[in-house]
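Visitor: One file is attached below, target_5.cif, containing mmCIF, C-alpha atoms.
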data_entry
loop_
_atom_site.group_PDB
_atom_site.id
_atom_site.type_symbol
_atom_site.label_atom_id
_atom_site.label_comp_id
_atom_site.auth_asym_id
_atom_site.auth_seq_id
_atom_site.Cartn_x
_atom_site.Cartn_y
_atom_site.Cartn_z
ATOM 1 C CA MET A 1 156.880 28.215 0.853
ATOM 2 C CA MET A 2 158.439 30.447 3.472
ATOM 3 C CA ILE A 3 157.293 33.991 4.122
ATOM 4 C CA THR A 4 160.138 36.441 3.648
ATOM 5 C CA LYS A 5 160.434 38.632 6.723
ATOM 6 C CA SER A 6 161.125 42.313 6.218
ATOM 7 C CA SER A 7 163.375 44.538 8.294
ATOM 8 C CA LYS A 8 160.555 46.995 8.974
ATOM 9 C CA SER A 9 158.995 47.543 12.385
ATOM 10 C CA ILE A 10 156.066 45.346 13.369
ATOM 11 C CA PRO A 11 153.148 46.109 11.037
ATOM 12 C CA THR A 12 149.876 47.527 12.323
ATOM 13 C CA VAL A 13 146.986 45.082 11.934
ATOM 14 C CA ILE A 14 143.643 46.535 10.858
ATOM 15 C CA ILE A 15 140.574 44.327 11.312
ATOM 16 C CA CYS A 16 137.950 44.825 8.582
ATOM 17 C CA PRO A 17 134.651 43.224 9.678
ATOM 18 C CA GLY A 18 131.728 41.704 7.883
ATOM 19 C CA ASN A 19 128.627 43.786 7.331
ATOM 20 C CA GLY A 20 125.977 44.106 10.017
ATOM 21 C CA CYS A 21 128.521 44.636 12.793
ATOM 22 C CA THR A 22 127.465 47.797 14.597
ATOM 23 C CA SER A 23 129.782 47.004 17.525
ATOM 24 C CA ILE A 24 132.869 45.422 16.007
ATOM 25 C CA ARG A 25 134.581 44.348 19.221
ATOM 26 C CA GLU A 26 131.445 42.496 20.308
ATOM 27 C CA SER A 27 130.924 40.847 16.906
ATOM 28 C CA ASN A 28 132.219 37.453 15.794
ATOM 29 C CA TRP A 29 135.924 37.072 16.671
ATOM 30 C CA TYR A 30 137.162 40.574 16.002
ATOM 31 C CA GLY A 31 137.482 41.682 19.620
ATOM 32 C CA SER A 32 139.179 38.417 20.586
ATOM 33 C CA LEU A 33 141.762 38.745 17.815
ATOM 34 C CA HIS A 34 142.346 42.356 18.791
ATOM 35 C CA ARG A 35 143.058 41.430 22.414
ATOM 36 C CA LEU A 36 145.277 38.479 21.520
ATOM 37 C CA LEU A 37 147.414 40.566 19.186
ATOM 38 C CA LEU A 38 147.784 43.404 21.678
ATOM 39 C CA ASN A 39 148.828 40.858 24.300
ATOM 40 C CA LYS A 40 151.613 39.845 21.922
ATOM 41 C CA SER A 41 152.656 43.493 21.496
ATOM 42 C CA ILE A 42 151.389 43.557 17.923
ATOM 43 C CA PRO A 43 149.661 46.879 17.191
ATOM 44 C CA CYS A 44 146.072 46.286 16.155
ATOM 45 C CA VAL A 45 143.166 48.536 15.178
ATOM 46 C CA CYS A 46 139.614 47.280 15.746
ATOM 47 C CA GLU A 47 137.227 50.182 15.225
ATOM 48 C CA ASN A 48 133.611 50.435 14.105
ATOM 49 C CA PHE A 49 133.205 50.960 10.380
ATOM 50 C CA PRO A 50 130.773 53.489 8.899
ATOM 51 C CA ASP A 51 127.753 52.266 6.959
ATOM 52 C CA PRO A 52 127.909 48.900 8.784
ATOM 53 C CA ASN A 53 124.850 47.307 7.214
ATOM 54 C CA ARG A 54 125.369 48.179 3.561
ATOM 55 C CA ALA A 55 129.181 48.148 3.796
ATOM 56 C CA ARG A 56 129.525 50.169 0.614
ATOM 57 C CA ARG A 57 132.864 50.259 -1.151
ATOM 58 C CA GLU A 58 132.689 54.036 -1.472
ATOM 59 C CA LYS A 59 132.559 54.269 2.331
ATOM 60 C CA TRP A 60 134.740 51.390 3.449
ATOM 61 C CA VAL A 61 137.818 51.686 1.256
ATOM 62 C CA PRO A 62 138.362 55.378 2.153
ATOM 63 C CA TYR A 63 137.716 54.539 5.797
ATOM 64 C CA ILE A 64 140.383 51.835 5.784
ATOM 65 C CA ARG A 65 142.743 54.383 4.251
ATOM 66 C CA SER A 66 141.910 56.864 7.014
ATOM 67 C CA LEU A 67 142.744 54.224 9.648
ATOM 68 C CA VAL A 68 146.059 53.572 7.914
ATOM 69 C CA GLU A 69 146.833 57.290 7.858
ATOM 70 C CA GLN A 70 145.953 57.605 11.536
ATOM 71 C CA HIS A 71 147.704 54.525 12.912
ATOM 72 C CA SER A 72 150.613 53.952 10.507
ATOM 73 C CA ALA A 73 151.463 57.446 9.356
ATOM 74 C CA ASN A 74 155.227 56.870 9.354
ATOM 75 C CA ASP A 75 154.902 54.066 6.806
ATOM 76 C CA MET A 76 151.450 53.627 5.336
ATOM 77 C CA SER A 77 152.494 50.440 3.563
ATOM 78 C CA ASN A 78 153.390 48.744 6.850
ATOM 79 C CA VAL A 79 149.917 47.432 7.604
ATOM 80 C CA ILE A 80 148.232 44.037 7.585
ATOM 81 C CA LEU A 81 144.541 43.957 6.699
ATOM 82 C CA VAL A 82 142.447 41.145 8.144
ATOM 83 C CA GLY A 83 139.219 41.147 6.163
ATOM 84 C CA HIS A 84 136.227 38.921 6.921
ATOM 85 C CA SER A 85 133.281 38.589 4.521
ATOM 86 C CA SER A 86 132.462 42.153 3.367
ATOM 87 C CA GLY A 87 135.712 43.215 5.002
ATOM 88 C CA ALA A 88 137.545 40.811 2.710
ATOM 89 C CA GLN A 89 135.947 42.464 -0.302
ATOM 90 C CA ALA A 90 136.971 45.890 0.970
ATOM 91 C CA SER A 91 140.521 44.617 1.548
ATOM 92 C CA LEU A 92 140.734 43.349 -2.037
ATOM 93 C CA ARG A 93 139.604 46.663 -3.448
ATOM 94 C CA TYR A 94 141.908 48.576 -1.087
ATOM 95 C CA ALA A 95 144.823 46.557 -2.442
ATOM 96 C CA GLU A 96 144.043 47.724 -5.957
ATOM 97 C CA LEU A 97 144.918 51.251 -4.846
ATOM 98 C CA TYR A 98 147.368 51.131 -1.965
ATOM 99 C CA PRO A 99 150.353 49.055 -0.785
ATOM 100 C CA SER A 100 150.140 46.783 2.253
ATOM 101 C CA HIS A 101 152.590 44.526 4.068
ATOM 102 C CA GLY A 102 150.111 41.635 4.004
ATOM 103 C CA ILE A 103 146.437 40.744 3.731
ATOM 104 C CA VAL A 104 144.446 37.925 5.336
ATOM 105 C CA LEU A 105 141.159 37.122 3.601
ATOM 106 C CA VAL A 106 138.457 35.181 5.453
ATOM 107 C CA SER A 107 135.301 34.047 3.635
ATOM 108 C CA ALA A 108 135.851 36.111 0.498
ATOM 109 C CA THR A 109 133.573 35.802 -2.514
ATOM 110 C CA TYR A 110 134.094 36.627 -6.170
ATOM 111 C CA SER A 111 130.540 37.585 -7.155
ATOM 112 C CA ASP A 112 127.527 39.170 -5.479
ATOM 113 C CA LEU A 113 125.785 35.753 -5.665
ATOM 114 C CA GLY A 114 122.689 37.380 -7.117
ATOM 115 C CA ASP A 115 122.014 39.418 -3.981
ATOM 116 C CA SER A 116 120.837 42.946 -4.775
ATOM 117 C CA GLY A 117 122.192 44.377 -1.530
ATOM 118 C CA GLU A 118 125.631 42.942 -2.182
ATOM 119 C CA ARG A 119 125.489 44.191 -5.764
ATOM 120 C CA ALA A 120 124.731 47.711 -4.513
ATOM 121 C CA SER A 121 127.812 47.647 -2.276
ATOM 122 C CA GLY A 122 129.954 48.157 -5.383
ATOM 123 C CA TYR A 123 132.619 45.495 -4.851
ATOM 124 C CA TYR A 124 131.678 42.900 -7.404
ATOM 125 C CA PRO A 125 132.244 42.474 -11.138
ATOM 126 C CA GLN A 126 129.112 42.620 -13.273
ATOM 127 C CA ILE A 127 128.244 41.306 -16.704
ATOM 128 C CA SER A 128 126.772 43.907 -19.037
ATOM 129 C CA GLY A 129 126.236 43.330 -22.742
ATOM 130 C CA GLY A 130 128.240 40.143 -22.547
ATOM 131 C CA GLU A 131 131.250 41.963 -21.082
ATOM 132 C CA GLU A 132 132.533 42.169 -17.529
ATOM 133 C CA THR A 133 132.433 45.567 -15.874
ATOM 134 C CA ASN A 134 133.923 46.578 -12.524
ATOM 135 C CA PRO A 135 136.508 43.764 -12.784
ATOM 136 C CA TYR A 136 138.948 42.845 -10.052
ATOM 137 C CA GLN A 137 142.376 44.302 -10.767
ATOM 138 C CA PHE A 138 144.365 41.294 -9.576
ATOM 139 C CA ASP A 139 147.626 42.502 -11.100
ATOM 140 C CA ASP A 140 147.398 45.731 -9.122
ATOM 141 C CA MET A 141 146.528 43.812 -5.954
ATOM 142 C CA LYS A 142 149.573 41.581 -6.340
ATOM 143 C CA LYS A 143 151.818 44.550 -7.094
ATOM 144 C CA ASN A 144 150.660 46.399 -3.994
ATOM 145 C CA CYS A 145 150.671 43.437 -1.612
ATOM 146 C CA LYS A 146 153.218 40.602 -1.775
ATOM 147 C CA ARG A 147 151.861 38.458 1.089
ATOM 148 C CA TRP A 148 148.375 36.939 1.036
ATOM 149 C CA ILE A 149 146.710 34.269 3.142
ATOM 150 C CA GLN A 150 143.145 33.215 2.310
ATOM 151 C CA PHE A 151 140.762 31.086 4.380
ATOM 152 C CA HIS A 152 137.502 29.448 3.389
ATOM 153 C CA SER A 153 135.383 26.512 4.519
ATOM 154 C CA ASP A 154 133.581 23.791 2.621
ATOM 155 C CA ASP A 155 130.334 24.359 4.536
ATOM 156 C CA ASP A 156 130.041 28.149 4.356
ATOM 157 C CA PRO A 157 126.252 28.709 4.242
ATOM 158 C CA PHE A 158 126.576 31.963 2.287
ATOM 159 C CA ILE A 159 129.571 31.615 -0.029
ATOM 160 C CA PRO A 160 130.188 28.432 -2.041
ATOM 161 C CA LEU A 161 133.732 27.138 -2.175
ATOM 162 C CA CYS A 162 133.907 27.823 -5.919
ATOM 163 C CA GLU A 163 133.600 31.561 -5.199
ATOM 164 C CA ALA A 164 136.662 31.525 -2.938
ATOM 165 C CA GLU A 165 138.526 29.473 -5.510
ATOM 166 C CA ARG A 166 137.977 32.173 -8.113
ATOM 167 C CA ILE A 167 139.651 34.685 -5.785
ATOM 168 C CA ARG A 168 142.407 32.128 -5.180
ATOM 169 C CA ASP A 169 142.966 31.729 -8.909
ATOM 170 C CA GLY A 170 143.353 35.484 -9.317
ATOM 171 C CA LEU A 171 145.889 35.825 -6.519
ATOM 172 C CA LYS A 172 147.809 32.569 -6.408
ATOM 173 C CA SER A 173 150.727 33.422 -8.683
ATOM 174 C CA GLY A 174 152.923 36.497 -8.463
ATOM 175 C CA GLU A 175 155.643 37.789 -10.733
ATOM 176 C CA SER A 176 158.460 38.002 -8.165
ATOM 177 C CA ASP A 177 160.247 35.545 -5.901
ATOM 178 C CA GLU A 178 159.113 37.675 -2.954
ATOM 179 C CA TYR A 179 155.456 36.993 -3.664
ATOM 180 C CA PHE A 180 153.711 34.688 -1.177
ATOM 181 C CA TYR A 181 150.172 33.337 -1.384
ATOM 182 C CA ASP A 182 148.628 30.631 0.801
ATOM 183 C CA TYR A 183 145.111 29.229 0.444
ATOM 184 C CA GLN A 184 143.706 27.253 3.360
ATOM 185 C CA MET A 185 140.410 25.429 3.031
ATOM 186 C CA LEU A 186 139.429 24.482 6.572
ATOM 187 C CA PRO A 187 136.532 21.974 6.657
ATOM 188 C CA GLY A 188 133.574 22.526 8.954
ATOM 189 C CA ARG A 189 134.231 26.168 9.863
ATOM 190 C CA SER A 190 131.021 27.596 8.341
ATOM 191 C CA HIS A 191 131.362 31.355 7.732
ATOM 192 C CA PHE A 192 134.092 31.667 10.385
ATOM 193 C CA PHE A 193 131.826 33.179 13.021
ATOM 194 C CA GLU A 194 134.343 32.089 15.672
ATOM 195 C CA LEU A 195 138.062 32.731 15.778
ATOM 196 C CA ALA A 196 140.008 29.942 14.137
ATOM 197 C CA PRO A 197 143.482 29.545 15.649
ATOM 198 C CA GLU A 198 144.794 29.377 12.089
ATOM 199 C CA ILE A 199 143.759 32.998 11.556
ATOM 200 C CA LEU A 200 145.738 34.145 14.573
ATOM 201 C CA GLU A 201 148.716 32.099 13.427
ATOM 202 C CA ALA A 202 148.458 33.564 9.933
ATOM 203 C CA VAL A 203 148.509 37.136 11.189
ATOM 204 C CA ILE A 204 151.476 36.470 13.471
ATOM 205 C CA SER A 205 153.348 34.802 10.614
ATOM 206 C CA LEU A 206 153.018 37.951 8.518
ATOM 207 C CA CYS A 207 154.341 40.254 11.226
#
Could you quickly redo this structure as structure tokens?

Guide:
Amino acid sequence: MMITKSSKSIPTVIICPGNGCTSIRESNWYGSLHRLLLNKSIPCVCENFPDPNRARREKWVPYIRSLVEQHSANDMSNVILVGHSSGAQASLRYAELYPSHGIVLVSATYSDLGDSGERASGYYPQISGGEETNPYQFDDMKKNCKRWIQFHSDDDPFIPLCEAERIRDGLKSGESDEYFYDYQMLPGRSHFFELAPEILEAVISLC
């Protein structure tokens, strides 16, 4: 499936990190991606997030919105979010509320995997009284963002493949011919602690 290019100016890329990253440009591959995109004249934002260890939804989603307002004020839908781990969860929840040009998810999970700290972050659906609360609003996500690329690995030590596949199943089909979704399972990449060239290629393809 081909990605339909828009006539808009080049989107601004916003890198949304995993939790525990107190210095985002020195953590994992975020600084490298930032430099590579700037070298290609693609605007990119790579700034420290508040509440880096707990990565709470109530802090991160508004912060992403503030970055959009600051760096893409002329068209706040003309942004690409690149979310890794907790940043992927924040990107999903952002897309429930606001439009984006595209979103790249890296190492996303569906559930909190029984971790109390993750549960407290506020991103994940819960089961209460036999019913799901705090569900993902996939229809709203797909309405607000028409271009998605998702990456996961078969040896992620934190997030089983089945978790990523549940996100995939929620996003994989859209209602319009313009909708694009691509799921890439890359073997042997662990939790994507290093920059995969496929991630760079994915971001460029969305621009």

Visitor: Select, from A:Gln150, A:Thr22, A:Ser85, A:Ser116, the residue with the minimum atom-to-atom distance to His191 in chain A, counting all atoms listed in the file.

Guide: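 Closest residue, counting all atoms listed in the file: A:Ser85.
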
Visitor: Name the residues that the PyMOL selection byres ((chain A and resi 69-71) around 12) pulls out of this structure, and write them as a ChimeraX atom specification.

Guide: /A:11-14,43-47,62-68,72-80,98

Visitor: Run the PyMOL selection byres ((chain A and resi 26) around 12) on the file and write out the hits as a list in words.

Guide: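 Written out, the selection comes to Pro17, Gly20, Cys21, Thr22, Ser23, Ile24, Arg25, Ser27, Asn28, Trp29, Tyr30, Gly31, Ser32, Leu33, His34, Arg35, Cys46, Glu47, Asn48, Phe193 and Glu194 of chain A.
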
Visitor: Taking the file as shown, find all residues satisfying the PyMOL selection byres ((chain A and resi 199-207) around 9) and write them as a ChimeraX atom specification.

Guide: /A:3-6,9-13,33,36-37,42,80,82,101-104,106,147-149,151,195-198

Visitor: Taking into account all atoms listed in the file, which residue in the set A:Leu171, A:Leu113, A:Ala108, A:Ala88 is nearest to His152 in chain A?

Guide: A:Ala108

Visitor: Enter the distance from CA of Asp115 in chain A to CA of Lys142 in chain A, in Å, rounded to one decimal.

Guide: 27.7 Å

Visitor: Just give me the residues with any atom within 7 Å of (131.2, 33.1, -6.9), file coordinates, counting only C-alpha atoms, written as a list in words.

Guide: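 Residues close enough to count: Thr109, Tyr110, Ser111, Leu113, Pro160, Cys162, Glu163, Ala164 and Arg166 of chain A.
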
Visitor: Using all atoms listed in the file, which of A:Asn53, A:Pro187, A:Val61, A:Leu38 sits nearest Ala120 in chain A?

Guide: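 The closest residue to Ala120 in chain A is A:Asn53.
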
Visitor: Given all atoms listed in the file as the basis, pick out the residue of A:Ser41, A:Pro125, A:Met141, A:Ser176 nearest to Pro99 in chain A.

Guide: A:Met141

Visitor: Please compute the CA of Tyr181 in chain A-CA of Gln126 in chain A distance, one decimal, in Å.

Guide: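 Distance reported for this atom pair: 25.9 Å.
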
Visitor: In Å, how far is it from CA of His84 in chain A to CA of Asp177 in chain A?

Guide: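 Interatomic distance, CA of His84 in chain A to CA of Asp177 in chain A: 27.4 Å.
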
Visitor: Could you list as a PDB file with C-alpha atoms, keeping the file's coordinate frame every residue that has an atom within 9 Å of (143.8, 36.0, -8.3), using the file's coordinates and counting all atoms listed in the file?

Guide:
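Written file, point-v6.pdb:
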ATOM      1  CA  TYR A 136     138.948  42.845 -10.052  1.00  0.00           C
ATOM      2  CA  GLN A 137     142.376  44.302 -10.767  1.00  0.00           C
ATOM      3  CA  PHE A 138     144.365  41.294  -9.576  1.00  0.00           C
ATOM      4  CA  ASP A 139     147.626  42.502 -11.100  1.00  0.00           C
ATOM      5  CA  MET A 141     146.528  43.812  -5.954  1.00  0.00           C
ATOM      6  CA  LYS A 142     149.573  41.581  -6.340  1.00  0.00           C
ATOM      7  CA  GLU A 165     138.526  29.473  -5.510  1.00  0.00           C
ATOM      8  CA  ARG A 166     137.977  32.173  -8.113  1.00  0.00           C
ATOM      9  CA  ILE A 167     139.651  34.685  -5.785  1.00  0.00           C
ATOM     10  CA  ARG A 168     142.407  32.128  -5.180  1.00  0.00           C
ATOM     11  CA  ASP A 169     142.966  31.729  -8.909  1.00  0.00           C
ATOM     12  CA  GLY A 170     143.353  35.484  -9.317  1.00  0.00           C
ATOM     13  CA  LEU A 171     145.889  35.825  -6.519  1.00  0.00           C
ATOM     14  CA  LYS A 172     147.809  32.569  -6.408  1.00  0.00           C
ATOM     15  CA  SER A 173     150.727  33.422  -8.683  1.00  0.00           C
TER      16      SER A 173
END

Visitor: Using all atoms listed in the file, pick whichever of A:Gly18, A:Asn134, A:Glu118, A:Trp60 has the shortest atom-to-atom distance to Gly87 in chain A.

Guide: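 Nearest to Gly87 in chain A: A:Gly18.
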
Visitor: With distances taken over only C-alpha atoms, which residue among A:Ala55, A:Leu97, A:Cys145, A:Leu105 lies nearest Ile15 in chain A?

Guide: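 Looking at the shortest contact to Ile15 in chain A, the residue is A:Leu105.
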